[in-house]
Every structure is written in C-alpha cells, then in structure tokens.
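J.: Compact mmCIF, C-alpha atoms, saved as data_27.txt, coming up:
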# COMPACT_ATOMS: atom_id res chain seq x y z
CA MET A 211 -12.77 -55.81 15.84
CA ILE A 212 -14.30 -52.31 15.73
CA GLY A 213 -11.26 -50.89 17.53
CA LEU A 214 -8.94 -52.57 15.04
CA LEU A 215 -10.87 -51.11 12.12
CA LYS A 216 -10.66 -47.63 13.60
CA GLN A 217 -6.92 -47.99 14.15
CA THR A 218 -6.48 -49.22 10.58
CA ARG A 219 -8.41 -46.23 9.25
CA LEU A 220 -6.24 -43.90 11.29
CA LEU A 221 -3.07 -45.48 9.93
CA VAL A 222 -4.37 -45.16 6.36
CA LEU A 223 -5.22 -41.50 6.96
CA SER A 224 -1.76 -40.89 8.41
CA ALA A 225 -0.15 -42.51 5.38
CA ALA A 226 -2.26 -40.33 3.08
CA VAL A 227 -1.12 -37.20 4.89
CA ALA A 228 2.52 -38.26 4.62
CA LEU A 229 2.12 -39.05 0.92
CA GLY A 230 0.44 -35.67 0.36
CA CYS A 231 3.36 -33.84 1.95
CA GLY A 232 5.76 -35.89 -0.14
CA TYR A 233 3.85 -35.02 -3.30
CA VAL A 234 3.95 -31.30 -2.54
CA CYS A 235 7.69 -31.34 -1.95
CA ALA A 236 8.76 -33.87 -4.55
CA ASP A 237 6.65 -32.72 -7.49
CA THR A 238 8.61 -33.29 -10.67
CA VAL A 239 10.18 -30.35 -12.48
CA LYS A 240 8.30 -29.47 -15.64
CA PRO A 241 10.06 -29.45 -19.04
CA ALA A 242 9.87 -25.64 -19.10
CA ASP A 243 12.08 -25.67 -16.00
CA ALA A 244 15.03 -27.06 -17.96
CA PRO A 245 18.33 -25.55 -16.79
CA ILE A 246 19.52 -22.34 -18.40
CA ASN A 247 23.20 -21.59 -18.86
CA ARG A 248 23.32 -18.52 -16.65
CA TYR A 249 26.71 -17.52 -18.04
CA GLU A 250 25.20 -16.79 -21.45
CA PRO A 251 23.28 -13.53 -20.99
CA VAL A 252 22.18 -13.59 -24.63
CA PRO A 253 20.83 -16.74 -26.34
CA GLU A 254 23.00 -17.93 -29.21
CA LYS A 255 20.57 -16.97 -31.98
CA PHE A 256 20.60 -13.35 -30.76
CA ARG A 257 24.32 -13.19 -30.07
CA ASN A 258 25.55 -10.78 -32.78
CA ASN A 259 27.61 -7.77 -31.63
CA THR A 260 27.25 -8.67 -27.96
CA ASP A 261 30.87 -8.76 -26.75
CA LYS A 262 30.21 -6.22 -23.99
CA VAL A 263 26.88 -7.66 -22.90
CA ALA A 264 27.03 -9.25 -19.46
CA ILE A 265 25.23 -9.76 -16.18
CA LYS A 266 26.88 -8.93 -12.88
CA GLU A 267 24.57 -10.10 -10.13
CA ARG A 268 23.96 -7.78 -7.22
CA LEU A 269 21.75 -9.95 -5.05
CA GLY A 270 20.63 -8.29 -1.84
CA GLN A 271 21.61 -4.82 -2.99
CA ALA A 272 19.18 -2.00 -2.31
CA ILE A 273 18.92 -0.01 -5.52
CA LYS A 274 18.65 3.75 -5.75
CA THR A 275 14.96 4.51 -5.90
CA ASN A 276 15.36 8.27 -6.40
CA LEU A 277 15.94 7.86 -10.13
CA THR A 278 13.50 9.80 -12.32
CA PHE A 279 11.70 8.61 -15.44
CA THR A 280 8.63 9.40 -17.56
CA ASP A 281 5.68 7.03 -17.54
CA SER A 282 3.31 5.93 -20.31
CA ASN A 283 1.10 8.99 -19.70
CA GLY A 284 3.98 11.40 -20.23
CA GLN A 285 4.16 12.19 -16.51
CA PRO A 286 7.39 12.38 -14.49
CA VAL A 287 7.79 9.60 -11.94
CA VAL A 288 10.34 8.60 -9.33
CA PHE A 289 11.39 4.97 -9.19
CA SER A 290 10.49 4.85 -5.51
CA ASP A 291 6.83 5.29 -6.52
CA TYR A 292 6.76 1.60 -7.37
CA PHE A 293 8.18 0.28 -4.10
CA ASN A 294 7.19 0.02 -0.45
CA LYS A 295 3.68 -1.10 -1.36
CA GLY A 296 4.09 -4.45 0.34
CA ARG A 297 4.46 -6.36 -2.92
CA PRO A 298 7.39 -7.51 -5.10
CA VAL A 299 8.42 -5.83 -8.34
CA VAL A 300 9.58 -7.50 -11.57
CA LEU A 301 11.83 -5.37 -13.80
CA GLN A 302 12.60 -5.84 -17.48
CA MET A 303 15.15 -3.62 -19.21
CA GLY A 304 15.16 -3.44 -23.00
CA TYR A 305 13.68 -1.09 -25.56
CA PHE A 306 10.22 -0.75 -27.06
CA ARG A 307 11.12 -0.93 -30.75
CA CYS A 308 13.44 -3.91 -30.24
CA PRO A 309 13.03 -6.02 -33.39
CA GLN A 310 13.10 -9.42 -31.72
CA ILE A 311 14.18 -10.38 -28.22
CA CYS A 312 12.42 -7.80 -25.98
CA ASP A 313 8.93 -8.74 -27.14
CA ILE A 314 9.81 -12.42 -26.72
CA VAL A 315 10.82 -11.83 -23.08
CA SER A 316 7.81 -9.59 -22.39
CA GLY A 317 5.43 -12.02 -24.04
CA ALA A 318 6.90 -14.93 -22.07
CA LEU A 319 6.47 -13.03 -18.82
CA VAL A 320 2.85 -12.15 -19.56
CA GLY A 321 2.07 -15.69 -20.70
CA THR A 322 3.57 -17.17 -17.55
CA ALA A 323 1.89 -14.56 -15.33
CA ARG A 324 -1.46 -15.63 -16.74
CA LYS A 325 -0.75 -19.23 -15.67
CA VAL A 326 -0.07 -18.11 -12.10
CA ASP A 327 -3.76 -17.48 -11.71
CA ASP A 328 -3.91 -16.61 -8.01
CA LEU A 329 -1.11 -14.02 -8.06
CA THR A 330 -2.18 -10.96 -10.02
CA ILE A 331 -0.14 -8.15 -11.54
CA GLY A 332 -1.34 -4.90 -10.00
CA LYS A 333 -2.56 -6.64 -6.86
CA ASP A 334 0.19 -9.01 -5.69
CA TYR A 335 3.16 -7.63 -7.64
CA ASP A 336 4.13 -4.99 -10.21
CA VAL A 337 5.89 -5.26 -13.57
CA ILE A 338 8.14 -2.44 -14.80
CA PHE A 339 9.69 -2.13 -18.26
CA VAL A 340 12.40 0.52 -18.51
CA SER A 341 13.64 1.45 -21.98
CA ILE A 342 17.42 1.59 -22.41
CA ASP A 343 17.00 3.84 -25.47
CA PRO A 344 16.92 7.49 -24.33
CA THR A 345 15.45 8.59 -27.69
CA GLU A 346 12.20 6.66 -27.28
CA LYS A 347 9.02 8.63 -26.53
CA TRP A 348 6.35 8.10 -23.92
CA THR A 349 3.74 7.57 -26.64
CA LEU A 350 5.52 4.36 -27.63
CA ALA A 351 5.57 3.30 -23.96
CA GLN A 352 1.82 3.95 -23.87
CA GLU A 353 1.26 1.75 -26.92
CA LYS A 354 3.31 -1.07 -25.43
CA LYS A 355 1.45 -0.89 -22.14
CA ARG A 356 -1.91 -0.97 -23.90
CA ASN A 357 -0.91 -4.09 -25.82
CA TYR A 358 0.36 -6.01 -22.81
CA VAL A 359 -2.50 -5.02 -20.52
CA GLN A 360 -4.86 -6.29 -23.21
CA GLU A 361 -2.88 -9.52 -23.57
CA TYR A 362 -2.78 -10.07 -19.80
CA ASP A 363 -6.55 -9.62 -19.72
CA ARG A 364 -7.04 -8.93 -16.01
CA SER A 365 -8.52 -5.66 -14.81
CA ALA A 366 -5.83 -5.08 -12.17
CA GLY A 367 -3.16 -5.17 -14.87
CA VAL A 368 -3.78 -1.58 -15.90
CA ASN A 369 -2.42 -0.47 -12.52
CA GLY A 370 0.34 -3.08 -12.40
CA PHE A 371 2.18 -2.61 -15.70
CA HIS A 372 4.54 0.37 -15.86
CA PHE A 373 6.41 1.28 -19.05
CA LEU A 374 9.02 3.99 -18.55
CA ILE A 375 11.43 6.07 -20.59
CA GLY A 376 14.26 8.23 -19.25
CA GLU A 377 17.42 10.17 -19.81
CA GLN A 378 20.67 8.34 -20.44
CA SER A 379 22.11 9.13 -17.00
CA GLN A 380 19.10 7.65 -15.20
CA ILE A 381 18.96 4.59 -17.45
CA ALA A 382 22.69 3.93 -17.03
CA SER A 383 22.46 4.34 -13.27
CA LEU A 384 19.62 1.81 -12.96
CA ALA A 385 21.37 -0.64 -15.29
CA ASP A 386 24.55 -0.41 -13.22
CA GLU A 387 22.59 -0.89 -10.00
CA ILE A 388 21.32 -4.30 -11.14
CA GLY A 389 24.45 -5.32 -13.08
CA PHE A 390 22.79 -5.07 -16.50
CA LYS A 391 25.57 -4.55 -19.08
CA TYR A 392 24.33 -3.59 -22.54
CA GLN A 393 25.74 -1.88 -25.62
CA LYS A 394 24.62 -0.03 -28.71
CA VAL A 395 25.25 -1.99 -31.90
CA GLU A 396 27.70 -0.19 -34.17
CA GLY A 397 26.16 1.03 -37.43
CA LEU A 398 22.64 0.16 -36.32
CA ASN A 399 20.11 1.99 -34.24
CA GLU A 400 19.76 -1.07 -32.03
CA PHE A 401 20.97 -2.35 -28.66
CA ALA A 402 22.43 -5.66 -27.54
CA HIS A 403 21.45 -6.54 -23.98
CA PRO A 404 20.98 -9.46 -21.57
CA THR A 405 17.80 -11.50 -21.57
CA MET A 406 16.67 -11.47 -17.97
CA LEU A 407 14.15 -10.29 -15.45
CA THR A 408 15.11 -8.84 -12.07
CA VAL A 409 12.84 -9.54 -9.10
CA PHE A 410 12.87 -7.06 -6.20
CA THR A 411 11.58 -7.20 -2.67
CA PRO A 412 8.87 -4.65 -1.85
CA GLU A 413 11.59 -2.43 -0.32
CA GLY A 414 13.68 -2.38 -3.50
CA LYS A 415 16.36 -4.99 -2.81
CA VAL A 416 17.46 -7.31 -5.60
CA SER A 417 16.02 -10.70 -4.70
CA ARG A 418 16.44 -12.89 -7.78
CA TYR A 419 17.43 -12.90 -11.46
CA LEU A 420 15.44 -14.95 -13.97
CA TYR A 421 17.38 -15.71 -17.14
CA GLY A 422 16.45 -16.67 -20.67
CA VAL A 423 13.50 -16.00 -22.94
CA GLU A 424 10.87 -18.15 -21.22
CA TYR A 425 9.90 -18.72 -17.62
CA SER A 426 7.94 -21.54 -16.04
CA ASP A 427 5.01 -20.69 -13.81
CA ARG A 428 6.71 -22.49 -10.90
CA THR A 429 9.90 -20.44 -11.26
CA LEU A 430 8.02 -17.14 -11.44
CA ARG A 431 5.75 -18.06 -8.56
CA MET A 432 8.57 -19.15 -6.28
CA ALA A 433 10.63 -16.06 -7.10
CA LEU A 434 7.66 -13.83 -6.24
CA VAL A 435 6.86 -15.72 -3.02
CA GLU A 436 10.50 -15.54 -1.98
CA ALA A 437 10.76 -11.81 -2.77
CA GLY A 438 7.42 -11.20 -1.04
CA GLN A 439 8.95 -12.42 2.24
CA GLY A 440 5.91 -14.49 3.16
CA LYS A 441 3.40 -11.72 2.43
CA ILE A 442 2.07 -13.27 -0.77
CA GLY A 443 1.23 -16.83 -1.73
CA ASN A 444 -0.48 -19.49 0.37
CA ALA A 445 0.42 -22.14 2.95
CA VAL A 446 1.37 -24.65 0.25
CA ASP A 447 3.83 -22.12 -1.20
CA GLN A 448 5.55 -21.83 2.17
CA ILE A 449 5.93 -25.64 2.35
CA VAL A 450 7.27 -25.77 -1.21
CA MET A 451 9.79 -23.02 -0.44
CA MET A 452 11.18 -25.22 2.34
CA CYS A 453 11.70 -28.04 -0.17
CA TYR A 454 13.45 -26.03 -2.89
CA HIS A 455 16.47 -23.79 -3.09
CA TRP A 456 17.88 -21.54 -5.80
CA ASN A 457 20.48 -23.40 -7.87
CA GLU A 458 23.11 -20.81 -8.81
CA TYR A 459 24.55 -22.91 -11.62
CA ALA A 460 21.25 -23.90 -13.24
CA GLY A 461 19.64 -20.50 -12.70
CA MET A 462 16.44 -22.08 -11.39
CA TYR A 463 14.83 -23.54 -8.28
CA THR A 464 15.73 -27.18 -7.67
CA LYS A 465 14.80 -29.67 -4.97
CA ASP A 466 16.63 -29.39 -1.66
CA TRP A 467 16.71 -33.09 -0.76
CA MET A 468 18.05 -32.55 2.75
CA ALA A 469 15.21 -30.14 3.47
CA ILE A 470 12.71 -32.64 2.06
CA MET A 471 14.14 -35.40 4.27
CA ARG A 472 14.01 -33.16 7.35
CA LEU A 473 10.43 -32.14 6.59
CA GLY A 474 9.44 -35.76 5.93
CA GLY A 475 11.04 -36.81 9.21
CA ALA A 476 9.22 -34.07 11.11
CA VAL A 477 5.87 -35.06 9.56
CA SER A 478 6.50 -38.73 10.37
CA VAL A 479 7.39 -37.94 13.98
CA LEU A 480 4.29 -35.75 14.28
CA ILE A 481 2.02 -38.46 12.88
CA LEU A 482 3.58 -41.21 15.00
CA GLY A 483 3.50 -39.05 18.14
CA SER A 484 -0.15 -38.20 17.55
CA PHE A 485 -1.01 -41.85 17.00
CA ILE A 486 0.78 -42.99 20.17
CA GLY A 487 -0.79 -40.18 22.16
CA LEU A 488 -4.25 -41.13 20.92
CA MET A 489 -3.69 -44.79 21.79
CA LEU A 490 -2.50 -43.91 25.33
CA TYR A 491 -5.49 -41.61 25.82
CA ARG A 492 -7.91 -44.30 24.66
CA GLU A 493 -6.27 -46.90 26.93
CA LYS A 494 -6.49 -44.55 29.91
CA ARG A 495 -10.12 -43.80 29.19
CA PHE A 496 -10.89 -47.51 28.79
CA ARG A 497 -9.29 -48.32 32.14
CA ARG A 498 -11.15 -45.49 33.84
CA THR A 499 -14.47 -46.50 32.31
CA HIS A 500 -14.06 -50.17 33.30
CA LYS A 501 -12.38 -49.32 36.59
CA ILE A 502 -9.28 -51.33 35.79
CA LEU A 503 -6.55 -50.77 38.33
CA THR A 504 -2.91 -50.79 37.38
CA VAL A 505 -0.28 -52.15 39.74
Take the structure from the file and write it as structure tokens.

T.:
Amino acid sequence: MIGLLKQTRLLVLSAAVALGCGYVCADTVKPADAPINRYEPVPEKFRNNTDKVAIKERLGQAIKTNLTFTDSNGQPVVFSDYFNKGRPVVLQMGYFRCPQICDIVSGALVGTARKVDDLTIGKDYDVIFVSIDPTEKWTLAQEKKRNYVQEYDRSAGVNGFHFLIGEQSQIASLADEIGFKYQKVEGLNEFAHPTMLTVFTPEGKVSRYLYGVEYSDRTLRMALVEAGQGKIGNAVDQIVMMCYHWNEYAGMYTKDWMAIMRLGGAVSVLILGSFIGLMLYREKRFRRTHKILTV
C-alpha cells in the first residue's frame, strides 16, 4: 500500500510538471497583443499628408554605426557608442516637438518598459530617440530625456535613455539604414513618419520591428530576449521563445503550435523515462535486498 501511495504521488507530481510546462507555453495572448496591420505605418487618425511614409524592413542588416550626432548634453557622439555593450538597443525615430504621435509612442514604450520589471533600461538594454528634424536643439533633447527618465522612475534609466539630434545627412542615412521613410508636411513645420520601434542586437543588427502606438509587455520582452541572443532574460524566457515565433503578417509573436507539441512530447518522454527508470531501479534494489534470483 505504501509503495502504491508513493507511485501515485510521483505520477501526480509528473502531471503537475507537464501542466506547468503547458501553461508556460500556452499562456493566452493578452488583449494588448491584438494584431496590428503591419502594412499601415501610420494609424488612420494620424494619416494626413503621409503618402510617402512607409516602412521597408531590413531585418538582419548591420547598420552603419559611424554616424555622428549630438546628445542631450550638447556633446558629439558616434552611434557606435551605444552598441557592443552586450545588450540590445531600442530605437525610436521622430521629433521632439511632435504635436501628437511621437509622445504617444514614447509614452507607450516607457509604460510597457515599467511593466517588464526584471529587465531594466540602462542595465539590460538601451533606448535611443533620434530626432528627424535637423533644426531641433540639444536643449530640447535634454528636456525630453529629463521627462522620460522621471517617468520611468528607475535610477539606471539616466544612463539608458539617449536623446539625439543631428545633421540632415546623418539623420537620412540612419533612416535609410532601417527602412524608415518619412516626409516633411507641406506648408507646416511638421513631419509625417511611421509609428514603430526598431530593436537591434548588441552588435547593431536589425533584429525586430515593433509597430503601432502601444506595445504589450510580452511583445517587448520577447523582442529584447530574442535580440539579446540568450544573454538577457531567464530560463522561462528561453522556454517561451521555443513556443512562439514572429508572425510577419500580424506583426507580433504568436504561438508556434508545432514547437509546443514537440516540447510537450519531449517533456512527456522525459517524465515517462524517469518514471520507468525509477521503477526498474527500485525493483532491482528490492530483489537484491531480498535476495530474489531471476531465471
């Protein structure tokens, strides 16, 4: 009877492990993860004078990191200063005095980054905002950085947020490198541009584009873990990455059911093999202890 109880407990524990793995991989997508039409670089309500605005993805491309800009302290910087630190980089292109959409995107990024509480800007990844308006001054970049560092409210943020201005040639070169097509609005001192974030690997290769004006914590986290090439995140993140893949049409991470089935099968085989091995070991020990001979 005691042996049967122990075996029952083991089976229950095995089932719990299997269910836990299934929960990690098959967690439901949150409402904020609703699909985004990736072929609409500008949301409809912001779509005035945007006929030349477009996104041309350049996934896997290593961008030119020798471009020069001016930071929020008025100091010259080279784009390479923000790479090869062993952590991913998130880039937003827009302009600081943008009357509507840029602050929405920036605010959404900061709000989502706060929800990803164990990955910290300035420690695990960097955020760069490059102005597409060559007339903007570094003092405005400084003001913007101050506001977003305060909103983020983590001490490491002061070293992780980078707000840059630059000359037209450098801005245009960076925009072309990532496929960011924008235009100046005729008759207005404003710009029409895509609503997106570009995620880079630590070495400066384009890893992922995040579209729209809001981003779920799962999408941001998975994009960072993927770009970090296993150097950031935890063991659970690595399991989740095996269960999801980037859906090009939806512009988001969706479940990879074949991967989930393979992982579930592997876990089941491991549990069953361990159980059988334990039973054989216990039988062998029982025979040895009671000196039972086998024919």

J.: If I take atom CA of A:Ile265 and atom CA of A:Gly376, how far is one from the other in Å, to one decimal?

T.: 21.3 Å

J.: Rank nothing, just name the residue among A:Asn399, A:Ser341, A:Ser282, A:Gln380 nearest to A:Gln302, using only C-alpha atoms.

T.: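 Comparing A:Asn399, A:Ser341, A:Ser282, A:Gln380 against A:Gln302, the winner is A:Ser341.
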
J.: Report the distance between atom CA of A:Ala351 and atom CA of A:Arg324 in Å, rounded to one decimal place.

T.: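 That distance, rounded to one decimal, is 21.4 Å.
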
J.: Counting all atoms listed in the file, which residues of stretch 395-449 of chain A sit at most 9 Å from some atom of stretch 292-295 of chain A, and what is each one's closest atom pair with its distance in Å to one decimal, listed by chain and rising residue number, as a Markdown table?

T.:
| residue | atom | partner | partner_atom | distance |
| --- | --- | --- | --- | --- |
| A:Phe410 | CA | A:Phe293 | CA | 9.0 |
| A:Thr411 | CA | A:Phe293 | CA | 8.3 |
| A:Pro412 | CA | A:Asn294 | CA | 5.2 |
| A:Glu413 | CA | A:Asn294 | CA | 5.0 |
| A:Gly414 | CA | A:Phe293 | CA | 6.1 |

J.: Around all listed atoms of stretch 339-343 of chain A, padded 3 Å per side, what centre and edge lengths does the axis-aligned box have in Å to one decimal, as JSON?

T.:
{"center_x": 13.6, "center_y": 0.9, "center_z": -21.9, "size_x": 13.7, "size_y": 12.0, "size_z": 13.2}

J.: Could you tell me which of A:Thr345, A:Thr499, A:Thr405, A:Ser417 comes closest to A:Ile311 if we count only C-alpha atoms?

T.: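 Among the listed residues, the smallest separation from A:Ile311 belongs to A:Thr405.
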
J.: Quick one: residues within 7 Å of A:Gly332, only C-alpha atoms, excluding same-chain residues fewer than 6 positions away - as a list in words?

T.: Ala366, Gly367, Asn369 and Gly370 of chain A

J.: Go through A:Arg428, A:Arg307, A:Lys274, A:Arg418 one by one, measure the shortest atom-to-atom distance of each to A:Lys347 using only C-alpha atoms, and give the residue with the smallest value.

T.: A:Arg307

J.: Rounded to one decimal place, report the atom CA of A:Arg364-atom CA of A:Ile331 distance in Å.

T.: 8.3 Å

J.: Quick one: residues within 6 Å of stretch 297-301 of chain A, only C-alpha atoms, excluding same-chain residues fewer than 2 positions away - as a VMD selection string?

T.: chain A and resid 295 334 to 339 407 to 412 437 to 438

J.: Just the selected residues (C-alpha atoms), exported as a JSON list (two decimals), in the coordinates of the input, please.

T.:
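Contents of part23.json, freshly written:
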[["chain", "number", "residue", "atom", "x", "y", "z"],
["A", 295, "LYS", "CA", 3.68, -1.10, -1.36],
["A", 334, "ASP", "CA", 0.19, -9.01, -5.69],
["A", 335, "TYR", "CA", 3.16, -7.63, -7.64],
["A", 336, "ASP", "CA", 4.13, -4.99, -10.21],
["A", 337, "VAL", "CA", 5.89, -5.26, -13.57],
["A", 338, "ILE", "CA", 8.14, -2.44, -14.80],
["A", 339, "PHE", "CA", 9.69, -2.13, -18.26],
["A", 407, "LEU", "CA", 14.15, -10.29, -15.45],
["A", 408, "THR", "CA", 15.11, -8.84, -12.07],
["A", 409, "VAL", "CA", 12.84, -9.54, -9.10],
["A", 410, "PHE", "CA", 12.87, -7.06, -6.20],
["A", 411, "THR", "CA", 11.58, -7.20, -2.67],
["A", 412, "PRO", "CA", 8.87, -4.65, -1.85],
["A", 437, "ALA", "CA", 10.76, -11.81, -2.77],
["A", 438, "GLY", "CA", 7.42, -11.20, -1.04]]

J.: My list of candidates is A:Lys391, A:Lys333, A:Arg356, A:Lys325. Which is closest to A:Glu267 when distances are computed with all atoms listed in the file?

T.: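 Residue with the minimum atom-to-atom distance to A:Glu267: A:Lys391.
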